[in-house]
Structure formats: C-alpha cells, structure tokens
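Just protein-v6.txt here, compact mmCIF, C-alpha atoms and all ligand atoms:
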```txt
# COMPACT_ATOMS: atom_id res chain seq x y z
CA MET A 1 -30.09 0.96 -15.96
CA SER A 2 -26.81 -0.93 -15.75
CA THR A 3 -26.67 -3.28 -12.78
CA LYS A 4 -22.89 -3.40 -12.91
CA ASN A 5 -22.47 -1.00 -10.04
CA ILE A 6 -20.09 -1.57 -7.15
CA LEU A 7 -20.49 0.43 -3.97
CA ILE A 8 -17.39 1.03 -1.86
CA THR A 9 -18.08 2.66 1.51
CA GLY A 10 -15.32 4.61 3.26
CA GLY A 11 -13.48 5.04 -0.03
CA ALA A 12 -12.00 8.40 0.97
CA GLY A 13 -10.12 6.81 3.87
CA PHE A 14 -6.74 5.15 4.06
CA ILE A 15 -7.53 1.61 2.85
CA GLY A 16 -10.72 2.55 0.99
CA SER A 17 -8.90 4.98 -1.31
CA GLN A 18 -6.48 2.22 -2.35
CA VAL A 19 -9.40 -0.11 -3.03
CA VAL A 20 -11.29 2.54 -5.01
CA ARG A 21 -8.21 3.30 -7.14
CA LEU A 22 -7.50 -0.37 -7.82
CA PHE A 23 -11.13 -1.09 -8.77
CA VAL A 24 -11.48 2.00 -10.98
CA GLU A 25 -8.31 0.95 -12.81
CA GLU A 26 -9.04 -2.78 -13.01
CA PHE A 27 -12.83 -3.03 -13.40
CA LYS A 28 -13.45 -0.85 -16.45
CA ASP A 29 -16.83 -2.46 -17.18
CA TRP A 30 -18.07 -1.71 -13.67
CA HIS A 31 -19.04 1.68 -12.29
CA ILE A 32 -17.41 2.34 -8.93
CA TYR A 33 -19.39 4.42 -6.43
CA ASN A 34 -17.45 5.71 -3.44
CA LEU A 35 -19.79 6.55 -0.56
CA ASP A 36 -18.18 8.48 2.27
CA SER A 37 -19.36 11.07 4.81
CA LEU A 38 -15.86 12.62 4.94
CA THR A 39 -15.18 12.49 8.67
CA TYR A 40 -11.78 13.75 9.89
CA ALA A 41 -10.34 10.51 8.40
CA GLY A 42 -11.86 10.88 4.93
CA ASN A 43 -9.97 12.95 2.41
CA LEU A 44 -10.81 13.28 -1.29
CA GLU A 45 -7.24 14.45 -1.90
CA ASN A 46 -6.40 10.73 -1.65
CA LEU A 47 -8.25 10.16 -4.94
CA LYS A 48 -7.33 13.28 -6.93
CA ASP A 49 -5.63 11.19 -9.63
CA ILE A 50 -8.74 9.17 -10.51
CA GLU A 51 -11.61 11.58 -9.77
CA SER A 52 -12.33 12.31 -13.44
CA GLU A 53 -12.37 8.66 -14.58
CA VAL A 54 -15.64 7.81 -16.38
CA ASN A 55 -16.33 4.74 -14.23
CA TYR A 56 -16.02 6.62 -10.92
CA THR A 57 -18.53 8.64 -8.89
CA PHE A 58 -18.23 10.05 -5.37
CA LEU A 59 -21.36 10.08 -3.18
CA LYS A 60 -21.21 12.15 -0.02
CA ALA A 61 -23.48 10.31 2.42
CA ASP A 62 -23.58 9.04 5.97
CA ILE A 63 -24.18 5.32 6.58
CA ASN A 64 -25.90 6.30 9.83
CA ASP A 65 -28.69 7.98 7.87
CA PHE A 66 -30.87 5.10 6.67
CA SER A 67 -33.25 7.12 4.49
CA GLN A 68 -30.31 8.70 2.61
CA ILE A 69 -28.71 5.27 2.15
CA GLU A 70 -31.94 3.64 1.03
CA LYS A 71 -32.50 6.34 -1.62
CA LEU A 72 -29.02 5.81 -3.02
CA PHE A 73 -29.47 2.04 -3.10
CA LYS A 74 -32.75 2.43 -5.00
CA LYS A 75 -31.23 4.92 -7.43
CA TYR A 76 -28.04 3.01 -8.28
CA ASN A 77 -29.06 -0.60 -7.60
CA PHE A 78 -25.59 -1.60 -6.35
CA GLN A 79 -24.90 -5.20 -7.18
CA LYS A 80 -21.88 -5.61 -4.95
CA ILE A 81 -20.88 -3.77 -1.79
CA ILE A 82 -17.41 -3.46 -0.30
CA HIS A 83 -17.94 -2.02 3.15
CA LEU A 84 -14.98 -0.20 4.70
CA ALA A 85 -16.61 2.90 6.26
CA ALA A 86 -15.92 2.86 9.97
CA GLU A 87 -14.56 4.69 12.95
CA SER A 88 -11.16 3.06 12.94
CA HIS A 89 -8.92 4.38 15.71
CA VAL A 90 -8.67 2.39 18.98
CA ASP A 91 -7.60 5.39 21.09
CA ARG A 92 -10.60 7.42 19.93
CA SER A 93 -12.88 4.47 20.78
CA ILE A 94 -11.63 4.61 24.37
CA THR A 95 -12.61 8.28 24.74
CA ASN A 96 -15.83 8.09 22.68
CA PRO A 97 -17.21 4.54 22.32
CA ASP A 98 -20.69 5.73 21.26
CA ALA A 99 -19.54 6.95 17.86
CA PHE A 100 -18.09 3.47 17.22
CA VAL A 101 -21.36 1.74 18.11
CA ARG A 102 -23.28 4.11 15.83
CA THR A 103 -21.12 3.92 12.73
CA ASN A 104 -19.59 0.47 13.00
CA ILE A 105 -22.63 -1.46 14.21
CA LEU A 106 -25.75 0.57 13.38
CA GLY A 107 -24.26 1.95 10.15
CA THR A 108 -23.42 -1.58 9.00
CA VAL A 109 -26.93 -2.78 9.82
CA ASN A 110 -28.34 0.14 7.78
CA LEU A 111 -26.32 -1.02 4.77
CA LEU A 112 -27.38 -4.65 5.28
CA ASN A 113 -31.04 -3.61 5.47
CA ALA A 114 -30.74 -1.40 2.40
CA ALA A 115 -29.03 -4.22 0.45
CA ARG A 116 -31.70 -6.73 1.46
CA GLY A 117 -34.35 -4.22 0.44
CA ILE A 118 -33.13 -3.87 -3.15
CA TRP A 119 -31.78 -7.36 -3.72
CA GLY A 120 -35.06 -9.19 -2.87
CA SER A 121 -34.88 -12.98 -2.93
CA ASN A 122 -32.77 -13.48 -6.06
CA MET A 123 -29.31 -12.57 -4.78
CA GLU A 124 -27.15 -14.91 -6.78
CA ASN A 125 -25.14 -12.09 -8.41
CA ASN A 126 -24.90 -10.00 -5.27
CA LEU A 127 -22.28 -9.77 -2.56
CA PHE A 128 -21.93 -7.88 0.71
CA TYR A 129 -18.19 -7.87 1.40
CA HIS A 130 -17.41 -6.62 4.89
CA ILE A 131 -13.88 -5.48 5.75
CA SER A 132 -12.88 -6.21 9.32
CA THR A 133 -9.91 -6.51 11.62
CA ASP A 134 -7.92 -9.19 13.43
CA GLU A 135 -8.54 -7.22 16.64
CA VAL A 136 -11.94 -8.98 17.00
CA TYR A 137 -10.04 -12.09 18.16
CA GLY A 138 -8.61 -10.36 21.24
CA THR A 139 -5.06 -11.07 22.29
CA LEU A 140 -2.56 -13.92 21.94
CA GLY A 141 0.15 -15.17 24.27
CA GLU A 142 3.70 -15.53 23.03
CA THR A 143 2.83 -18.29 20.58
CA GLY A 144 -0.03 -19.25 18.25
CA PHE A 145 -1.95 -17.46 15.52
CA PHE A 146 -5.47 -16.23 14.87
CA THR A 147 -7.26 -18.48 12.41
CA GLU A 148 -10.72 -18.07 10.87
CA THR A 149 -12.14 -20.29 13.66
CA THR A 150 -10.56 -18.47 16.61
CA PRO A 151 -13.40 -17.39 18.95
CA TYR A 152 -14.11 -13.66 19.09
CA ALA A 153 -12.90 -11.94 22.28
CA PRO A 154 -12.64 -8.19 21.55
CA ASN A 155 -11.02 -6.03 24.24
CA SER A 156 -11.44 -2.42 23.05
CA PRO A 157 -14.63 -0.53 22.15
CA TYR A 158 -13.27 -0.39 18.56
CA SER A 159 -12.77 -4.15 18.28
CA ALA A 160 -16.08 -4.84 20.07
CA SER A 161 -17.90 -2.65 17.54
CA LYS A 162 -16.17 -4.38 14.62
CA ALA A 163 -16.98 -7.78 16.16
CA GLY A 164 -20.62 -6.70 16.45
CA SER A 165 -20.70 -5.67 12.80
CA ASP A 166 -19.11 -8.98 11.72
CA HIS A 167 -21.79 -10.89 13.63
CA PHE A 168 -24.57 -8.89 11.96
CA VAL A 169 -23.16 -9.58 8.49
CA ARG A 170 -22.96 -13.29 9.25
CA ALA A 171 -26.45 -13.26 10.79
CA PHE A 172 -27.93 -11.62 7.65
CA GLY A 173 -26.30 -14.43 5.66
CA GLU A 174 -27.82 -17.12 7.86
CA THR A 175 -31.21 -15.48 8.39
CA TYR A 176 -31.92 -13.87 5.00
CA ASN A 177 -29.47 -15.80 2.83
CA LEU A 178 -27.65 -12.55 2.00
CA PRO A 179 -24.42 -13.46 0.15
CA TYR A 180 -21.43 -12.23 2.14
CA ILE A 181 -17.69 -12.43 2.68
CA ILE A 182 -15.88 -11.13 5.76
CA SER A 183 -12.14 -10.60 5.83
CA ASN A 184 -10.19 -9.89 9.01
CA CYS A 185 -6.89 -8.17 8.35
CA SER A 186 -3.90 -7.22 10.47
CA ASN A 187 -2.41 -3.70 10.82
CA ASN A 188 -2.08 -1.87 7.51
CA TYR A 189 0.54 0.74 6.71
CA GLY A 190 1.33 2.81 3.62
CA PRO A 191 0.61 6.15 1.91
CA ASN A 192 -2.35 8.33 2.92
CA GLN A 193 -2.73 6.94 6.44
CA PHE A 194 -3.96 9.53 8.92
CA PRO A 195 -1.09 10.45 11.25
CA GLU A 196 -2.81 9.30 14.43
CA LYS A 197 -1.75 5.72 13.60
CA LEU A 198 1.69 4.51 14.65
CA ILE A 199 3.79 4.57 11.47
CA PRO A 200 2.65 7.92 9.97
CA LEU A 201 2.54 9.52 13.44
CA PHE A 202 6.15 8.56 14.02
CA ILE A 203 7.32 9.58 10.53
CA ASN A 204 5.69 12.97 11.08
CA ASN A 205 7.11 13.38 14.58
CA ILE A 206 10.61 12.43 13.43
CA ILE A 207 10.42 15.04 10.66
CA GLU A 208 9.31 17.63 13.23
CA LYS A 209 11.76 16.35 15.91
CA LYS A 210 8.88 15.73 18.33
CA PRO A 211 8.82 12.92 20.95
CA LEU A 212 7.87 9.43 19.74
CA PRO A 213 5.25 8.23 22.27
CA VAL A 214 5.59 4.46 22.87
CA TYR A 215 2.93 2.73 24.97
CA GLY A 216 4.05 0.67 28.01
CA ASP A 217 7.25 -1.30 27.51
CA GLY A 218 7.01 -1.19 23.71
CA LYS A 219 6.82 -4.99 23.57
CA TYR A 220 3.37 -5.11 21.98
CA THR A 221 3.48 -7.28 18.89
CA ARG A 222 1.53 -6.69 15.68
CA ASP A 223 1.48 -8.16 12.19
CA TRP A 224 1.92 -5.52 9.46
CA LEU A 225 0.68 -5.53 5.87
CA PHE A 226 1.30 -2.99 3.10
CA VAL A 227 -2.04 -1.37 2.25
CA LYS A 228 -1.74 -2.09 -1.49
CA ASP A 229 -1.43 -5.80 -0.69
CA HIS A 230 -4.61 -5.59 1.37
CA ALA A 231 -6.39 -3.94 -1.60
CA LEU A 232 -5.18 -6.77 -3.88
CA ALA A 233 -6.49 -9.36 -1.42
CA ILE A 234 -9.87 -7.59 -1.37
CA LYS A 235 -10.05 -7.64 -5.18
CA LEU A 236 -9.19 -11.34 -5.23
CA LEU A 237 -11.81 -12.20 -2.61
CA LEU A 238 -14.45 -10.19 -4.46
CA GLU A 239 -13.72 -12.20 -7.60
CA LYS A 240 -13.00 -15.65 -6.18
CA GLY A 241 -13.91 -15.81 -2.48
CA GLN A 242 -16.45 -18.41 -1.29
CA ASN A 243 -19.89 -17.10 -0.39
CA LYS A 244 -20.59 -17.04 3.39
CA SER A 245 -16.90 -17.33 4.24
CA THR A 246 -14.40 -15.57 6.42
CA TYR A 247 -10.77 -15.04 5.39
CA ASN A 248 -7.86 -13.84 7.48
CA ILE A 249 -5.42 -11.52 5.72
CA GLY A 250 -1.97 -10.79 7.12
CA GLY A 251 1.60 -10.03 6.19
CA PHE A 252 3.36 -13.04 7.78
CA ASN A 253 5.25 -10.17 9.37
CA GLU A 254 5.24 -9.83 13.16
CA TRP A 255 7.05 -6.97 14.86
CA GLN A 256 7.37 -5.80 18.44
CA ASN A 257 6.52 -2.09 18.42
CA ILE A 258 9.90 -1.05 19.77
CA ASP A 259 11.81 -3.00 17.09
CA LEU A 260 9.62 -1.55 14.33
CA ILE A 261 10.19 1.96 15.72
CA GLN A 262 13.96 1.41 15.83
CA LEU A 263 13.89 0.28 12.18
CA LEU A 264 11.80 3.30 11.18
CA CYS A 265 14.19 5.63 13.05
CA LYS A 266 17.13 4.12 11.16
CA ILE A 267 15.41 4.59 7.78
CA MET A 268 14.44 8.17 8.68
CA ASP A 269 17.97 9.10 9.86
CA ALA A 270 19.31 7.94 6.49
CA LYS A 271 16.59 9.71 4.47
CA LEU A 272 16.92 12.98 6.37
CA ASN A 273 20.73 12.86 6.47
CA ARG A 274 20.65 12.99 10.23
CA GLU A 275 23.23 11.43 12.52
CA GLU A 276 22.46 7.74 13.21
CA GLY A 277 20.56 7.46 16.50
CA SER A 278 19.15 10.98 16.46
CA SER A 279 15.58 9.85 15.66
CA ALA A 280 15.76 7.01 18.23
CA SER A 281 16.66 9.60 20.89
CA LEU A 282 13.10 10.96 20.48
CA ILE A 283 11.56 7.69 21.80
CA THR A 284 9.51 8.41 24.94
CA PHE A 285 7.71 5.66 26.87
CA ILE A 286 4.22 6.72 27.97
CA LYS A 287 1.46 5.25 30.19
CA ASP A 288 -0.09 2.15 28.69
CA ARG A 289 -3.40 2.17 26.86
CA PRO A 290 -6.16 0.45 28.91
CA GLY A 291 -7.19 -2.98 27.57
CA HIS A 292 -4.08 -3.05 25.38
CA ASP A 293 -3.78 -6.39 23.57
CA LYS A 294 -0.30 -7.90 23.93
CA ARG A 295 0.06 -9.73 20.65
CA TYR A 296 -1.82 -10.16 17.38
CA ALA A 297 -0.63 -12.64 14.78
CA ILE A 298 -2.57 -13.78 11.76
CA ASP A 299 -2.57 -17.16 10.11
CA ALA A 300 -3.31 -16.16 6.49
CA SER A 301 -2.83 -19.66 5.09
CA LYS A 302 -6.49 -20.06 3.98
CA ILE A 303 -6.39 -17.19 1.44
CA ASN A 304 -2.86 -18.22 0.54
CA LYS A 305 -3.70 -21.89 -0.14
CA GLU A 306 -7.20 -21.45 -1.63
CA LEU A 307 -6.54 -18.40 -3.79
CA GLY A 308 -2.77 -18.06 -4.03
CA TRP A 309 -2.63 -14.62 -2.37
CA SER A 310 0.52 -13.48 -0.60
CA PRO A 311 2.08 -10.05 -0.02
CA THR A 312 3.93 -8.62 -3.04
CA VAL A 313 6.38 -6.47 -1.07
CA THR A 314 8.60 -7.14 1.94
CA PHE A 315 8.17 -5.01 5.05
CA GLU A 316 11.41 -3.17 4.36
CA GLU A 317 10.28 -2.34 0.79
CA GLY A 318 6.83 -1.24 1.94
CA LEU A 319 8.24 0.88 4.74
CA GLU A 320 10.72 2.49 2.36
CA GLN A 321 7.87 3.37 -0.07
CA THR A 322 5.78 4.69 2.81
CA VAL A 323 8.54 6.94 4.14
CA GLU A 324 9.22 8.21 0.61
CA TRP A 325 5.52 9.01 0.17
CA TYR A 326 5.30 11.02 3.41
CA LEU A 327 8.50 12.90 2.64
CA SER A 328 7.22 13.82 -0.84
CA ASN A 329 3.72 14.72 0.37
CA GLN A 330 4.38 17.18 3.15
CA ALA A 331 1.48 19.39 1.97
CA TRP A 332 -0.92 16.46 2.55
CA ILE A 333 0.40 15.99 6.10
CA LYS A 334 0.26 19.74 6.85
CA ASN A 335 -3.31 19.80 5.62
CA VAL A 336 -4.56 16.87 7.72
CA THR A 337 -2.61 17.85 10.84
CA SER A 338 -3.98 21.38 11.02
CA GLY A 339 -7.12 22.33 12.99
CA GLU A 340 -8.86 19.61 15.00
CA TYR A 341 -5.88 17.25 14.81
CA GLN A 342 -3.85 19.55 17.07
CA ASN A 343 -6.48 19.34 19.86
CA TYR A 344 -6.59 15.58 19.51
CA TYR A 345 -2.80 15.29 19.56
CA ASN A 346 -2.41 17.53 22.60
CA LYS A 347 -5.06 15.63 24.59
CA GLN A 348 -3.59 12.26 23.67
CA TYR A 349 0.10 12.78 24.15
CA SER A 350 0.69 15.72 26.52
P1 LIG A 401 -10.01 5.30 7.93
O1 LIG A 401 -10.39 5.83 9.28
O2 LIG A 401 -8.79 5.80 7.26
O3 LIG A 401 -11.22 5.53 6.90
C1 LIG A 401 -12.56 5.37 7.27
C2 LIG A 401 -13.40 6.07 6.20
O4 LIG A 401 -14.78 5.86 6.55
C3 LIG A 401 -13.17 7.58 6.15
O5 LIG A 401 -13.05 8.00 4.80
C4 LIG A 401 -14.43 8.16 6.78
O6 LIG A 401 -14.77 9.44 6.27
C5 LIG A 401 -15.47 7.11 6.41
N1 LIG A 401 -16.59 7.11 7.37
C6 LIG A 401 -16.53 7.08 8.72
N2 LIG A 401 -17.78 7.14 9.24
C7 LIG A 401 -18.63 7.18 8.18
C8 LIG A 401 -20.04 7.23 8.08
N3 LIG A 401 -20.83 7.29 9.16
N4 LIG A 401 -20.60 7.23 6.84
C9 LIG A 401 -19.82 7.18 5.71
N5 LIG A 401 -18.48 7.18 5.76
C10 LIG A 401 -17.89 7.16 6.98
O7 LIG A 401 -9.99 3.73 8.12
P2 LIG A 401 -9.06 2.63 7.43
O8 LIG A 401 -7.85 2.45 8.23
O9 LIG A 401 -8.97 2.91 5.99
O10 LIG A 401 -9.98 1.34 7.65
C11 LIG A 401 -11.00 0.99 6.72
C12 LIG A 401 -11.69 -0.27 7.19
O11 LIG A 401 -10.75 -1.32 7.32
C13 LIG A 401 -12.36 -0.13 8.56
O12 LIG A 401 -13.56 -0.84 8.51
C14 LIG A 401 -11.37 -0.78 9.50
O13 LIG A 401 -12.04 -1.32 10.64
C15 LIG A 401 -10.79 -1.86 8.63
N6 LIG A 401 -9.42 -2.28 8.96
C16 LIG A 401 -8.43 -1.35 9.10
C17 LIG A 401 -7.13 -1.78 9.38
C18 LIG A 401 -5.98 -0.80 9.50
O14 LIG A 401 -4.88 -1.20 9.85
N7 LIG A 401 -6.16 0.47 9.19
C19 LIG A 401 -6.86 -3.15 9.51
C20 LIG A 401 -7.91 -4.07 9.35
C21 LIG A 401 -9.19 -3.62 9.07
```

Take the structure from the file and write it as structure tokens.
Ligand code: NAD
Amino acid sequence: MSTKNILITGGAGFIGSQVVRLFVEEFKDWHIYNLDSLTYAGNLENLKDIESEVNYTFLKADINDFSQIEKLFKKYNFQKIIHLAAESHVDRSITNPDAFVRTNILGTVNLLNAARGIWGSNMENNLFYHISTDEVYGTLGETGFFTETTPYAPNSPYSASKAGSDHFVRAFGETYNLPYIISNCSNNYGPNQFPEKLIPLFINNIIEKKPLPVYGDGKYTRDWLFVKDHALAIKLLLEKGQNKSTYNIGGFNEWQNIDLIQLLCKIMDAKLNREEGSSASLITFIKDRPGHDKRYAIDASKINKELGWSPTVTFEEGLEQTVEWYLSNQAWIKNVTSGEYQNYYNKQYS
C-alpha cells in the first residue's frame, strides 16, 4: 500500500476546503483524504470542482468516534495529518461549550492517539499539523502583537478549547516524540465561509437589506487574512516548517470592526448600484458579547523571515473577490441559510 497519504480533517469547511483543493492540485503524487462529519459548517458543495480527481477521496467520519477513526488510520496509514476539524464559532461556544470540549479537545486527542498507534516509534516521515487560532492568546491593549511566545490566556469557550487542543499536540510531541507543527492564525475571510461569521453575514444581510448587528461600540480590532493565503501558508509549513514548532500567521492587516463594516458597505453599495450610504444605514449596535476580546494582532514575522511567506493579496483585493464570490453564488447562500440557520439567526440577533 502507498504510504503517501495525507489526511485533512474538516476539509468540507471554510478553510479546509481551500486546503484540500490546493493540495489536490499541487501534490499529485500524494493521495488526499478529506475526513469530515459534515456538521452544519461542512459542505461538500465547496469541493464540487475537485471531487472526481484521482488523488482525492472523501471520508465521512466523526473525530469524536475513536473506533471509527482508528479503523481509518489502520486502513489508509496516513503519513501526514493536517487537522482543521473543529467547532469554530465563538458565539455558539458561549451557548453550548460542551460541543467545543468534545470536538476540539477530545476529538484532537483521538486523532493524536490514532496517529501514535499507527506511526509506532519510527516517525521521521510523519507529521501532525494542527491548525489553531490567535484567539488562544487572549486580548491585547492598544499596542503590541501576539508572538509565538505570548502566554496563552483564552477568554471564550472556543478559544479555551483550541488552547487545550494546542497543549495536547505539544504534549504528545514532548511525551511521545510525535512530530508536530502548530500554526495560530488570525481571522480568515473569503469564499465559502458560513454566513454566521462577520463578513459573509454582513454581505448576506446587505443583499437582503437586513440590519447589520455590530457588537458593543464596534471598536473591536482584528487582523484579517484572505483564506487562500492561509492555505498557502499551511502548504509551506507542511513542506518546510520546523518539527515541534509553532508559527503565527496573519495578514499584517488590523481593522476596527466598524471601519471594516463601513468599507464593506461602500463596496456593496457600488456592486449593487445602490445609493452611497444605503448599506451603512443598516448598521445596528447590539449588546456586547460576554468575554469579548478587545484587540487581536499577530506578529507573523517568524514565518515571513524563516520561510518567506507573506499575503499575496491586499485586503481590498481579497474583499472585492469575496464580495464577487457571494454575489455570484447566491444559490450556495440560499442553501446554507435555509433550515436550522434561521433558528440560529433568530435566537442570536432578535
Ligand atoms: P468551519 O466551521 O468552516 O469548518 C469546520 C469543519 O470541521 C466542518 O467541515 C465540519 O463539518 C468539520 N467538523 C466539525 N466537527 C467535526 C467532527 N466531530 N468530526 C469531523 N469533522 C468535523 O471552520 P473553519 O473556519 O474552516 O476553521 C477550520 C480550522 O481553522 C478550525 O480548527 C479553526 O479553529 C481554525 N481557524 C479558523 C479561523 C477562521 O477565521 N475561520 C482562524 C484561525 C484558525
């Protein structure tokens, strides 16, 4: 059996589908297995264009089910693992933290145990690459940046569960010598993002002329990265990253929410041929999210200096491409915003 098998977990999601596509296109001598349980956030429509490629296979499985995972590991003998499967939405973690503990912590430990089980003691050609978030570092004041040595101080159940999973990956490296890389990335945006997250939610609401719910005073600051640039960073780290290392990935691109929303409104007014200011008139300030981190900012100089990675598109270019994608893929939005989404939306924003 070929050992040139890469497992990508969560490959039907927003970032995972970009990583799967990039790997299927770029790694022709590898077979890419996409393991996903298809929660509300997983959508195989995201991968329609590559589903019949010979080096691609979809595996419907749940990382919370160890016996199912173990069987798949034994059958396919994955040499490298890129782990993205997770519960990923902060607001959902506030209403249902348990699901985040299960999938993000216990699910990750299941994968680590399964990898250790098949890799044995000779792991020189193996890698467990864990995808994480800058939210594990907590919040910043008005100045400074998160670096790879910033102490963890997660404030939401989501970030606490991601922090827990990062610690387990590192601990398996120290305790069992499991080869690993962890990357902590800032907010991603781009095509195929589920419209519970800020940018697609607002694009969708502007199209439908619905209110644009802005938390608190709108002064929360985030760094934004185009999802395709995140996928390129992941490919680079898989190929050239140092074993047992952490890398921060970010867009060198900080925005206060309210300024980003104003920019998006301007782009949308132009695209939809609406009077300037009509989208901005939909902005509605709502009660703040508990435990809301004021500012995240990433220092991505390590991956930049060591491996030469930097974003390939500016924020304006990425946002333009994103808006274009949502406007041309209204059927995708209609599909994912039907059914359960409506209940979620009504509970969250009414
Ligand atoms: P997403 O919610 O769009 O996708 C998550 C995917 O995981 C979905 O396809 C879902 O079906 C799958 N999944 C969930 N639970 C599963 C389970 N138990 N078993 C198997 N599959 C399961 O998330 P995303 O935004 O693409 O994020 C992917 C990863 O990147 C996550 O680990 C997230 O923490 C991390 N991350 C995201 C961002 C961001 O801005 N979106 C930034 C930094 C890091």

Which residues, written as a PyMOL selection string, have at least one atom at most 12 Å from Gln262 in chain A, with all atoms listed in the file counted and residues fewer than 5 positions away on the same chain left out? chain A and resi 199+202-203+206+212+214+218+255-257+267-269+276-283

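The list of residues with at least one atom within 10 Å of range 21-29 of chain A, based on only C-alpha atoms and without residues fewer than 6 positions apart in the same chain, reads Lys4, Asn5, Ile6, Ile8, Gly11, Asn46, Leu47, Asp49, Ile50, Glu51, Glu53, Val54, Asn55, Tyr56, Thr57, Lys228, Ala231, Leu232, Ile234 and Lys235 of chain A.
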
I'd like the interatomic distance between CA of Tyr76 in chain A and atom C10 of ligand LIG 401 (chain A), to a tenth of an Å.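 Going from CA of Tyr76 in chain A over to atom C10 of ligand LIG 401 (chain A) covers 18.8 Å.
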
Select all residues near (-28.4, -1.4, 5.8) (cut-off 10 Å, inclusive, file coordinates), counting all atoms listed in the file, and output them as a ChimeraX atom specification. /A:63-67,69-70,73,106-117

Kindly work out which residues sit at most 7 Å from ligand LIG 401 (chain A), using all atoms listed in the file, and give the list as an NGL selection string. :A and (9-16 or 35-43 or 61-64 or 84-89 or 103 or 107 or 131-134 or 162 or 184-189 or 193-194)

So that I have them on file, write out the residues from the current selection with C-alpha atoms, as a CSV table (one decimal), in the coordinates of the input.
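And here is the file that came out, again.csv:
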```
chain,number,residue,atom,x,y,z
A,9,THR,CA,-18.1,2.7,1.5
A,10,GLY,CA,-15.3,4.6,3.3
A,11,GLY,CA,-13.5,5.0,0.0
A,12,ALA,CA,-12.0,8.4,1.0
A,13,GLY,CA,-10.1,6.8,3.9
A,14,PHE,CA,-6.7,5.2,4.1
A,15,ILE,CA,-7.5,1.6,2.8
A,16,GLY,CA,-10.7,2.6,1.0
A,35,LEU,CA,-19.8,6.6,-0.6
A,36,ASP,CA,-18.2,8.5,2.3
A,37,SER,CA,-19.4,11.1,4.8
A,38,LEU,CA,-15.9,12.6,4.9
A,39,THR,CA,-15.2,12.5,8.7
A,40,TYR,CA,-11.8,13.8,9.9
A,41,ALA,CA,-10.3,10.5,8.4
A,42,GLY,CA,-11.9,10.9,4.9
A,43,ASN,CA,-10.0,13.0,2.4
A,61,ALA,CA,-23.5,10.3,2.4
A,62,ASP,CA,-23.6,9.0,6.0
A,63,ILE,CA,-24.2,5.3,6.6
A,64,ASN,CA,-25.9,6.3,9.8
A,84,LEU,CA,-15.0,-0.2,4.7
A,85,ALA,CA,-16.6,2.9,6.3
A,86,ALA,CA,-15.9,2.9,10.0
A,87,GLU,CA,-14.6,4.7,13.0
A,88,SER,CA,-11.2,3.1,12.9
A,89,HIS,CA,-8.9,4.4,15.7
A,103,THR,CA,-21.1,3.9,12.7
A,107,GLY,CA,-24.3,2.0,10.2
A,131,ILE,CA,-13.9,-5.5,5.8
A,132,SER,CA,-12.9,-6.2,9.3
A,133,THR,CA,-9.9,-6.5,11.6
A,134,ASP,CA,-7.9,-9.2,13.4
A,162,LYS,CA,-16.2,-4.4,14.6
A,184,ASN,CA,-10.2,-9.9,9.0
A,185,CYS,CA,-6.9,-8.2,8.4
A,186,SER,CA,-3.9,-7.2,10.5
A,187,ASN,CA,-2.4,-3.7,10.8
A,188,ASN,CA,-2.1,-1.9,7.5
A,189,TYR,CA,0.5,0.7,6.7
A,193,GLN,CA,-2.7,6.9,6.4
A,194,PHE,CA,-4.0,9.5,8.9
```

Got a sec: who's within 8 Å of range 138-155 of chain A, counting all atoms listed in the file, leaving out chain neighbours fewer than 6 positions off, as number ranges by chain? A: 163, 246-248, 291-300

Given all atoms listed in the file as the basis, pick out the residue of A:Leu238, A:Ile207, A:Ala160, A:Val336 nearest to Val323 in chain A.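 Using all atoms listed in the file, the shortest distance to Val323 in chain A belongs to A:Ile207.
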